[in-house]
file start18.txt (compact mmCIF, C-alpha atoms)
# COMPACT_ATOMS: atom_id res chain seq x y z
CA ALA A 1 56.50 50.34 38.29
CA THR A 2 57.76 47.59 36.03
CA THR A 3 58.41 45.29 39.00
CA ALA A 4 54.94 45.97 40.47
CA CYS A 5 53.30 45.30 37.10
CA ALA A 6 55.19 42.02 36.73
CA ALA A 7 54.12 40.92 40.20
CA CYS A 8 50.53 41.81 39.44
CA CYS A 9 50.58 39.91 36.16
CA GLY A 10 52.13 36.96 37.96
CA ARG A 11 49.30 36.83 40.48
CA ARG A 12 46.71 36.97 37.66
CA ALA A 13 48.47 34.13 35.87
CA GLU A 14 48.46 32.06 39.06
CA ASP A 15 44.77 32.77 39.55
CA ALA A 16 44.03 31.68 35.99
CA VAL A 17 45.98 28.47 36.36
CA SER A 18 44.39 27.58 39.69
CA PHE A 19 40.79 28.20 38.45
CA ASP A 20 38.88 24.92 38.62
CA PRO A 21 35.51 24.84 36.83
CA GLU A 22 34.55 21.73 38.78
CA HIS A 23 34.41 23.80 41.95
CA GLN A 24 32.15 26.52 40.59
CA VAL A 25 28.92 27.08 42.46
CA ARG A 26 26.17 26.02 40.07
CA PRO A 27 22.44 26.56 40.55
CA PRO A 28 20.58 23.36 41.37
CA ARG A 29 19.37 21.52 38.28
CA ARG A 30 15.61 21.61 37.87
CA PRO A 31 14.09 18.13 38.00
CA LEU A 32 12.50 16.87 34.82
CA ARG A 33 8.77 17.53 34.69
CA GLU A 34 6.74 14.32 34.77
CA VAL A 35 3.77 13.61 32.53
CA PHE A 36 1.67 10.45 32.65
CA ILE A 37 0.65 9.27 29.17
CA ALA A 38 -2.68 7.49 29.23
CA THR A 39 -2.85 5.04 26.36
CA LYS A 40 -2.63 1.27 26.06
CA ASN A 41 -1.92 1.43 22.32
CA PRO A 42 1.77 0.48 21.84
CA GLY A 43 2.12 2.57 18.67
CA LYS A 44 0.72 5.66 20.34
CA GLN A 45 2.86 5.04 23.40
CA ARG A 46 6.02 5.07 21.30
CA GLU A 47 5.10 8.24 19.44
CA LEU A 48 3.88 10.17 22.48
CA GLN A 49 6.86 9.14 24.59
CA ALA A 50 9.39 10.07 21.90
CA LEU A 51 7.81 13.47 21.21
CA LEU A 52 7.46 14.39 24.89
CA GLU A 53 10.94 13.24 25.90
CA GLU A 54 12.46 15.20 23.02
CA SER A 55 10.76 18.26 24.54
CA GLY A 56 12.52 17.71 27.87
CA LEU A 57 9.71 15.99 29.77
CA ARG A 58 9.95 12.77 31.76
CA VAL A 59 7.30 10.31 30.63
CA ILE A 60 5.70 7.82 32.97
CA GLY A 61 2.73 5.59 32.37
CA PRO A 62 3.54 2.87 29.83
CA GLU A 63 4.58 0.51 32.61
CA LEU A 64 1.60 1.46 34.81
CA VAL A 65 -1.33 2.09 32.49
CA THR A 66 -1.69 -1.57 31.54
CA GLU A 67 -2.63 -2.34 35.14
CA MET A 68 -5.35 0.31 35.23
CA SER A 69 -8.93 -0.04 34.02
CA ALA A 70 -9.75 1.71 30.75
CA PRO A 71 -12.77 3.96 30.24
CA VAL A 72 -15.45 3.16 27.68
CA GLU A 73 -14.70 5.31 24.62
CA ASP A 74 -18.28 6.08 23.66
CA GLY A 75 -17.90 9.75 22.72
CA ASP A 76 -19.14 11.04 19.38
CA THR A 77 -15.97 13.07 18.78
CA PHE A 78 -12.23 12.64 19.25
CA LYS A 79 -12.31 15.54 21.70
CA ALA A 80 -14.95 13.88 23.86
CA ASN A 81 -12.99 10.63 24.04
CA ALA A 82 -9.63 12.31 24.71
CA ARG A 83 -11.13 14.32 27.56
CA LYS A 84 -12.87 11.26 28.97
CA LYS A 85 -9.63 9.26 29.01
CA ALA A 86 -7.66 12.12 30.56
CA ILE A 87 -10.23 12.55 33.34
CA HIS A 88 -10.44 8.81 34.00
CA TYR A 89 -6.71 8.21 34.38
CA SER A 90 -6.07 11.46 36.27
CA ARG A 91 -8.29 10.17 39.05
CA GLY A 92 -5.94 7.24 39.53
CA VAL A 93 -2.54 8.96 39.48
CA ASP A 94 -1.40 12.16 41.15
CA LYS A 95 0.30 13.47 38.04
CA LEU A 96 -0.44 15.61 35.04
CA VAL A 97 -2.12 13.18 32.66
CA LEU A 98 -1.98 13.45 28.89
CA ALA A 99 -4.42 11.41 26.79
CA ASP A 100 -5.15 11.45 23.11
CA ASP A 101 -7.84 10.18 20.79
CA SER A 102 -7.22 10.01 17.10
CA GLY A 103 -8.39 8.32 13.96
CA LEU A 104 -8.87 8.28 10.23
CA GLU A 105 -11.77 9.95 8.42
CA ILE A 106 -12.39 8.80 4.83
CA ASP A 107 -14.75 10.91 2.74
CA ALA A 108 -15.83 8.04 0.47
CA LEU A 109 -16.88 6.10 3.59
CA ASN A 110 -18.86 9.02 5.04
CA GLY A 111 -16.17 9.77 7.58
CA GLU A 112 -15.56 6.21 8.71
CA PRO A 113 -13.82 4.71 10.54
CA GLY A 114 -13.64 7.99 12.48
CA VAL A 115 -13.87 7.69 16.27
CA ARG A 116 -14.11 3.91 15.78
CA SER A 117 -10.73 3.73 14.04
CA ALA A 118 -9.08 1.65 16.77
CA ARG A 119 -12.13 -0.63 17.04
CA PHE A 120 -12.98 -0.89 13.34
CA GLY A 121 -13.71 -4.52 12.53
CA GLY A 122 -14.17 -5.53 16.15
CA ALA A 123 -12.02 -5.90 19.25
CA SER A 124 -10.06 -8.85 17.85
CA ALA A 125 -9.11 -7.13 14.55
CA THR A 126 -5.44 -6.32 14.00
CA ASP A 127 -4.00 -3.28 12.24
CA ASP A 128 -3.60 -5.40 9.10
CA ASP A 129 -7.23 -6.55 9.35
CA ARG A 130 -8.45 -2.97 9.54
CA VAL A 131 -6.32 -1.88 6.62
CA ARG A 132 -7.65 -4.74 4.46
CA MET A 133 -11.21 -3.91 5.46
CA VAL A 134 -10.81 -0.28 4.37
CA LEU A 135 -9.26 -1.28 1.05
CA ARG A 136 -12.02 -3.80 0.32
CA ARG A 137 -14.69 -1.19 0.91
CA MET A 138 -12.87 1.23 -1.40
CA GLU A 139 -12.10 -1.12 -4.28
CA GLU A 140 -14.31 0.81 -6.73
CA VAL A 141 -13.38 4.31 -5.51
CA PRO A 142 -11.20 6.24 -8.03
CA TRP A 143 -8.06 8.08 -6.93
CA GLU A 144 -9.62 11.54 -7.11
CA LYS A 145 -12.28 10.51 -4.59
CA ARG A 146 -10.03 8.83 -2.05
CA SER A 147 -9.52 11.91 0.13
CA ALA A 148 -9.05 11.34 3.85
CA ARG A 149 -7.58 12.91 6.97
CA PHE A 150 -6.06 11.92 10.27
CA ARG A 151 -7.36 13.81 13.30
CA CYS A 152 -5.96 13.89 16.82
CA VAL A 153 -7.03 15.59 20.05
CA VAL A 154 -4.74 15.67 23.08
CA ALA A 155 -6.23 16.46 26.49
CA ILE A 156 -4.35 17.30 29.69
CA ALA A 157 -5.96 16.67 33.06
CA ARG A 158 -5.19 16.54 36.76
CA ARG A 159 -7.27 15.07 39.59
CA GLY A 160 -10.32 14.55 37.43
CA GLU A 161 -10.32 17.98 35.77
CA VAL A 162 -9.37 18.78 32.16
CA LEU A 163 -6.97 21.71 32.06
CA ALA A 164 -6.57 22.07 28.29
CA ASP A 165 -6.92 20.26 24.98
CA PHE A 166 -5.29 20.61 21.58
CA ASP A 167 -6.03 19.26 18.12
CA GLY A 168 -4.21 18.43 14.93
CA VAL A 169 -5.28 17.37 11.44
CA VAL A 170 -3.43 16.26 8.32
CA GLU A 171 -4.99 15.77 4.88
CA GLY A 172 -4.13 12.92 2.54
CA LYS A 173 -5.49 10.13 0.36
CA ILE A 174 -6.03 6.40 0.71
CA THR A 175 -3.74 4.30 -1.47
CA PHE A 176 -4.86 1.20 -3.37
CA GLU A 177 -2.49 -1.04 -1.43
CA PRO A 178 -0.27 -0.81 1.68
CA GLN A 179 3.11 0.85 1.16
CA GLY A 180 6.02 1.04 3.62
CA GLY A 181 6.96 -0.76 6.80
CA GLU A 182 7.11 1.95 9.47
CA GLY A 183 4.47 3.38 11.77
CA PHE A 184 1.29 1.59 12.80
CA GLY A 185 -2.46 1.57 12.27
CA TYR A 186 -3.55 3.00 8.94
CA ASP A 187 -0.15 4.56 8.16
CA PRO A 188 0.59 2.14 5.25
CA ILE A 189 -2.41 3.38 3.25
CA PHE A 190 -2.33 7.09 4.14
CA TYR A 191 -0.62 8.99 1.31
CA PHE A 192 0.72 12.48 2.11
CA ALA A 193 1.13 14.41 -1.15
CA PRO A 194 3.67 17.08 -0.04
CA MET A 195 6.20 14.31 0.67
CA ASP A 196 4.95 11.94 -2.08
CA ARG A 197 4.81 8.93 0.23
CA THR A 198 2.67 7.20 2.82
CA PHE A 199 3.18 7.71 6.53
CA SER A 200 4.68 4.21 6.66
CA GLU A 201 7.34 5.22 4.12
CA MET A 202 8.52 8.11 6.32
CA THR A 203 11.07 8.10 9.10
CA ARG A 204 9.68 8.78 12.54
CA ALA A 205 11.11 12.30 12.48
CA GLU A 206 9.54 13.02 9.09
CA LYS A 207 6.14 11.78 10.24
CA ASP A 208 6.29 13.65 13.56
CA ALA A 209 6.98 16.90 11.73
CA VAL A 210 3.72 16.77 9.76
CA SER A 211 1.39 14.36 11.54
CA HIS A 212 -1.86 15.09 13.33
CA ARG A 213 -0.38 13.80 16.59
CA GLY A 214 2.76 15.87 16.16
CA GLN A 215 0.64 19.00 15.69
CA ALA A 216 -1.50 18.31 18.76
CA LEU A 217 1.56 17.49 20.88
CA GLU A 218 3.28 20.68 19.77
CA GLY A 219 0.35 22.66 21.12
CA ALA A 220 0.30 20.65 24.35
CA VAL A 221 4.04 21.01 24.98
CA GLY A 222 3.90 24.74 24.29
CA TRP A 223 1.09 25.11 26.81
CA LEU A 224 2.95 23.04 29.42
CA LYS A 225 6.02 25.26 29.06
CA GLU A 226 3.99 28.48 29.22
CA ASN A 227 2.32 27.32 32.44
CA ASP A 228 5.38 25.63 33.90
CA ASP A 229 5.50 27.46 37.25
CA SER A 230 1.82 27.14 38.11
CA LEU A 231 1.52 23.49 36.98
CA TRP A 232 4.44 22.14 38.99
CA LYS A 233 4.78 24.71 41.80
CA GLU A 234 2.96 22.59 44.38
CA LYS A 235 5.10 19.57 43.51
CA GLU A 236 8.40 21.24 44.38

call {"tool": "encode", "arguments": {"input": "start18.txt", "output": "C-alpha cells"}}
result
Amino acid sequence: ATTACAACCGRRAEDAVSFDPEHQVRPPRRPLREVFIATKNPGKQRELQALLEESGLRVIGPELVTEMSAPVEDGDTFKANARKKAIHYSRGVDKLVLADDSGLEIDALNGEPGVRSARFGGASATDDDRVRMVLRRMEEVPWEKRSARFRCVVAIARRGEVLADFDGVVEGKITFEPQGGEGFGYDPIFYFAPMDRTFSEMTRAEKDAVSHRGQALEGAVGWLKENDDSLWKEKE
C-alpha cells in the first residue's frame, strides 16, 4: 500500500510540474466595443474619450469628425442640441454615436450663456474671451448672487435614430477672477463649494467625479453595459 501511494503521489507531482498555464484553453477575448464621439471641441473630446476608455470602450471619432459637416445647433435646450448632433453624425458612420451638449447657466444673467455657451461672444471668441465677457457683465454682482450651474446632456444614436439620452447638472458659483490652469471653457471661474476650488483647480479625476459631463457619461455607460448584447449583437 505504501509503494502504491508513493507511486500515485509521484504521478501527481509530475502532473503538477508539467502543468503549463500558457497552454490552457481560454475563451476568446471579447473585442472592445466601439463608440463614435461626435464633437469637434478639443476639450470635450479629451474628457469624453478619457471617461469612455476608462469604462472599457474603444473610442473612435476624434480623427474623423473634423472631416464631417457639423449640424446647426439651433435647439432651445441642451437635450435638443445633443439629440440633433447624435442623429446627424449617426447618419454618416455605421457606429453607435455619442454626442453631448453642455453649457453654463448663470442666474444673474437670466440663464446665459446657456445653450449659447460655446458660441458666446461670437464664432471667433476664445475661451478666455468668453470668460472675460462673463466677468465684465457680473462686475457689480455680489458673491451671494453669483449662483450658476453646468448642465450636460448626452445622447446616443444609431443610423439616424436616438436610442437614449442622459443628463447631468452641478451647482456652483462664478468667481470674481479666473483661478487654476486645468480644464477648458468656463472651468476657471466655476467655483464648486464642496471641494472649495474651481473646476480648473481640480485634477481631471476630481472633476470627472463631480462634473455634469461625468454624471451624464455615467448614465450613458451604465445603459450601454445593460444593453450590451442587443446593441452589438449584429456587429459580431

call {"tool": "closest_residue", "arguments": {"input": "start18.txt", "among": "A:Leu57, A:Ile174, A:Ala108, A:Ala216", "to": "Phe199 of chain A", "atoms": "only C-alpha atoms"}}
result
A:Ile174

call {"tool": "closest_residue", "arguments": {"input": "start18.txt", "among": "A:Glu112, A:Leu104, A:Val153, A:Asn41", "to": "Lys84 of chain A", "atoms": "all atoms listed in the file"}}
result
A:Val153

call {"tool": "atom_distance", "arguments": {"input": "start18.txt", "atom1": "atom CA of Ala82 of chain A", "atom2": "atom CA of Lys173 of chain A"}}
result
24.8 Å

call {"tool": "closest_residue", "arguments": {"input": "start18.txt", "among": "A:Val35, A:Ser55, A:Met68, A:Val210", "to": "Glu171 of chain A", "atoms": "only C-alpha atoms"}}
result
A:Val210

call {"tool": "atom_distance", "arguments": {"input": "start18.txt", "atom1": "atom CA of Val141 of chain A", "atom2": "atom CA of Asn110 of chain A"}}
result
12.8 Å

call {"tool": "closest_residue", "arguments": {"input": "start18.txt", "among": "A:Met202, A:Val97, A:Val131, A:Met195", "to": "Leu163 of chain A", "atoms": "only C-alpha atoms"}}
result
A:Val97

call {"tool": "closest_residue", "arguments": {"input": "start18.txt", "among": "A:Ala205, A:Val221, A:Ala99, A:Ala193", "to": "Lys79 of chain A", "atoms": "only C-alpha atoms"}}
result
A:Ala99

call {"tool": "residues_around", "arguments": {"input": "start18.txt", "residues": "Met133 of chain A", "least_positions_apart": "5", "cutoff": "10 Å", "atoms": "all atoms listed in the file", "output": "ChimeraX atom specification"}}
result
/A:120-121,125,127-128,138

call {"tool": "residues_around", "arguments": {"input": "start18.txt", "residues": "Tyr191 of chain A", "least_positions_apart": "6", "cutoff": "6 Å", "atoms": "all atoms listed in the file", "output": "MDAnalysis selection string"}}
result
chainID A and resid 172:173 197:198

call {"tool": "atom_distance", "arguments": {"input": "start18.txt", "atom1": "atom CA of Tyr89 of chain A", "atom2": "atom CA of Glu67 of chain A"}}
result
11.3 Å

call {"tool": "closest_residue", "arguments": {"input": "start18.txt", "among": "A:Leu96, A:Val134, A:Leu224, A:Leu109", "to": "Val162 of chain A", "atoms": "all atoms listed in the file"}}
result
A:Leu96

call {"tool": "residues_around", "arguments": {"input": "start18.txt", "residues": "Gly181 of chain A", "least_positions_apart": "6", "cutoff": "8 Å", "atoms": "all atoms listed in the file", "output": "PyMOL selection string"}}
result
chain A and resi 188+200-201

call {"tool": "residues_near_point", "arguments": {"input": "start18.txt", "point": "(1.3, 14.7, 26.3)", "cutoff": "8 Å", "atoms": "all atoms listed in the file", "output": "PyMOL selection string"}}
result
chain A and resi 35-37+48+52+97-100+154-156+217+220-221

call {"tool": "write_last_selection", "arguments": {"input": "start18.txt", "atoms": "C-alpha atoms", "output": "compact mmCIF listing (two decimals), keeping the file's coordinate frame"}}
result
# COMPACT_ATOMS: atom_id res chain seq x y z
CA VAL A 35 3.77 13.61 32.53
CA PHE A 36 1.67 10.45 32.65
CA ILE A 37 0.65 9.27 29.17
CA LEU A 48 3.88 10.17 22.48
CA LEU A 52 7.46 14.39 24.89
CA VAL A 97 -2.12 13.18 32.66
CA LEU A 98 -1.98 13.45 28.89
CA ALA A 99 -4.42 11.41 26.79
CA ASP A 100 -5.15 11.45 23.11
CA VAL A 154 -4.74 15.67 23.08
CA ALA A 155 -6.23 16.46 26.49
CA ILE A 156 -4.35 17.30 29.69
CA LEU A 217 1.56 17.49 20.88
CA ALA A 220 0.30 20.65 24.35
CA VAL A 221 4.04 21.01 24.98

call {"tool": "residues_around", "arguments": {"input": "start18.txt", "residues": "Arg204 of chain A", "least_positions_apart": "5", "cutoff": "12 Å", "atoms": "only C-alpha atoms", "output": "compact mmCIF listing (two decimals) with C-alpha atoms, in the coordinates of the input"}}
result
# COMPACT_ATOMS: atom_id res chain seq x y z
CA GLY A 43 2.12 2.57 18.67
CA ARG A 46 6.02 5.07 21.30
CA GLU A 47 5.10 8.24 19.44
CA LEU A 48 3.88 10.17 22.48
CA ALA A 50 9.39 10.07 21.90
CA LEU A 51 7.81 13.47 21.21
CA GLY A 181 6.96 -0.76 6.80
CA GLU A 182 7.11 1.95 9.47
CA GLY A 183 4.47 3.38 11.77
CA PHE A 184 1.29 1.59 12.80
CA ASP A 187 -0.15 4.56 8.16
CA PHE A 199 3.18 7.71 6.53
CA ALA A 209 6.98 16.90 11.73
CA VAL A 210 3.72 16.77 9.76
CA SER A 211 1.39 14.36 11.54
CA ARG A 213 -0.38 13.80 16.59
CA GLY A 214 2.76 15.87 16.16

call {"tool": "residues_around", "arguments": {"input": "start18.txt", "residues": "Arg151 of chain A", "least_positions_apart": "4", "cutoff": "7 Å", "atoms": "all atoms listed in the file", "output": "PyMOL selection string"}}
result
chain A and resi 102-104+168-170+212
